[in-house]
Amino acid sequence: MPGKVKIINGRLITPFRVLPLGHLLIDNGRIVAVSETTITEYADTVIDAGGNYVAPGFIDLHIHGGGGHDFMDGTITAFHAIAETHARYGTTAMVPTTLTAEKAQLLHTLDIYREAVSLPYHGAAFLGMHLEGPYFAMNQRGAQDPRYIRNPDPAEYREIVDYSRHISRWSVAPELPGALEMGHYLRSKGILAAIAHTDAIYEEVVKAVECGYTLATHFYSAMSGVTRRNGFRYAGVVESVYLIDEIDAEVIADGAHLPAALLKLIYKIKGPDRMALITDAMRAASMPPGKSILGPLHGGLDVVVEDGVAKLPDGSGFAGSVATADRLVRNMVQLAAVPLTAAVRMISLTPARIMGVANNKGSLVAGKDADIVIFDEDIQVQMTMVAGKVVHHL
């Protein structure tokens, strides 16, 4: 879309309020003006929002796949198809996420990421890779493959970090031997350390935060609550996240992983500035219900998608989310009774701050990237724009 672009007649969502008849001016992929009244400056293209909401693009901190593809498939096609699939639902930036795997497979995925970001495509931007595992508590592995779960190995994780400059976050169980040292190392490299798949107690979480762990991966899922040791009760990771203000919580608000009551509780205690909405979507997102595969197409885990979530074949547990970003916002508004401005903040400005990109993304502010989503009263996405280019339009 060449030249200047103007969006008119939209209800602009800021982090704190809605401008009822707002206007935006975009030039060279960036927002250059935001106004509550008409912008008279000439634009080469004018987009009439038609009274719909205009919001900052959705940022997904934790996503595995969609549209029949997984980032662990090991192909550039998969990366681009996932980015294009989720752009249809308002996602303008994402952090591609691995599963627990052998080192060689992780390195290959990092190679594919490097190639994928260097080629043109029409979808959400990539904000670096998220390595989910393999350093997890076996007891909290969830759907992670137990064959690859192990304790932190300094030689291994240092080699992986040295191998690629594209790692932006790493999820680890902080109670494991060597995990605190790993947290120090990740922080020294500017990589976000997150707590995940863990049996830690409060005292261990405190040490982890001191060593750089500042995010709780898919809060409530695969982590300890109140536990007993030798008869004495200990606060687990869930209670620790509530107690320690410095820990951010990412939440799968798909309506299946957490009920409305827990979504309300997290919001009440952590607030919209410490709560980030994630899809944690696997390949079946945006696909019909039925059989699917969690993880790589070859060698992944067979699952069944029903009731809006991926399940183990025997129905004994969940095996992944099939959410899209619009569904998260809709659920926070409709199930958790959260104001729309706060729901949007939790999937735009808050994740932008967590990932260190808030100077350029996360809100409709002059000088920031023109990552924009237009949606209607039911939060059905009408248009998605990434860096000033329309990548989806009904």
# chains A, B, ... in the order shown; residues from 1 in each chain; ligands from 1
>>> select_by_dssp(residues="segment 55-278 of chain A", states="alpha helix (DSSP H)", output="count of residues only")
75
>>> select_by_dssp(residues="segment 109-216 of chain A", states="strand (DSSP E or B)", output="list in words")
Ala125, Phe126, Met129, His130, Leu131, Glu132, Ile167, Ser168, Arg169, Trp170, Ser171, Val172, Leu192, Ala193, Ala194, Ile195, Thr198, Ile201, Tyr213, Thr214, Leu215 and Ala216 of chain A
>>> residues_around(residues="Val338 of chain A", least_positions_apart="6", cutoff="9 Å", atoms="only C-alpha atoms", output="PyMOL selection string")
chain A and resi 264+267+331-332
>>> atom_distance(atom1="atom CA of Ala83 of chain A", atom2="atom CA of Phe71 of chain A")
10.2 Å
>>> atom_distance(atom1="atom CA of His393 of chain A", atom2="atom CA of Thr279 of chain A")
21.5 Å
>>> closest_residue(among="A:Ala101, A:Leu12, A:Ala387, A:Leu119", to="Thr77 of chain A", atoms="only C-alpha atoms")
A:Leu119
>>> residues_around(residues="Ala260 of chain A", least_positions_apart="2", cutoff="10 Å", atoms="only C-alpha atoms", output="list in words")
Ala253, Asp254, Gly255, Ala256, His257, Leu258, Leu262, Leu263, Lys264, Leu265, Asn331, Met332, Gln334, Leu335, Ala336 and Ala337 of chain A
>>> residues_around(residues="Val117 of chain A", least_positions_apart="6", cutoff="12 Å", atoms="only C-alpha atoms", output="short mmCIF file (atom, residue, chain, number, x, y, z; two decimals) with C-alpha atoms, in the first residue's frame")
data_model
loop_
_atom_site.label_atom_id
_atom_site.label_comp_id
_atom_site.auth_asym_id
_atom_site.auth_seq_id
_atom_site.Cartn_x
_atom_site.Cartn_y
_atom_site.Cartn_z
CA ILE A 76 9.72 -22.13 5.96
CA THR A 77 6.23 -22.81 4.60
CA PHE A 79 6.41 -20.45 9.61
CA HIS A 80 4.81 -18.27 6.97
CA ALA A 83 1.87 -16.11 10.58
CA PRO A 96 7.16 -18.79 17.61
CA LEU A 110 16.35 -21.88 14.71
CA ASP A 111 17.87 -22.24 11.23
CA GLY A 123 1.32 -12.18 8.01
CA ALA A 124 2.25 -11.43 11.60
CA ALA A 125 5.79 -10.30 12.35
CA PHE A 126 8.14 -12.56 14.30
CA LEU A 127 9.65 -11.36 17.59
CA GLY A 128 12.25 -14.08 18.09
CA MET A 129 11.99 -17.72 19.13
CA HIS A 166 17.04 -15.10 17.39
#
>>> residues_around(residues="Arg147 of chain A", least_positions_apart="3", cutoff="12 Å", atoms="only C-alpha atoms", output="list in words")
Leu99, Thr100, Ala101, Glu102, Gly133, Pro134, Tyr135, Phe136, Met138, Arg141, Ala143, Gln144 and Arg150 of chain A
>>> atom_distance(atom1="atom CA of His69 of chain A", atom2="atom CA of Gly142 of chain A")
20.8 Å
>>> closest_residue(among="A:Gly271, A:Gly356, A:Gly51, A:Gly3", to="Arg30 of chain A", atoms="only C-alpha atoms")
A:Gly3
>>> closest_residue(among="A:Ala310, A:Arg330, A:Val322, A:Asp369", to="Val357 of chain A", atoms="only C-alpha atoms")
A:Asp369
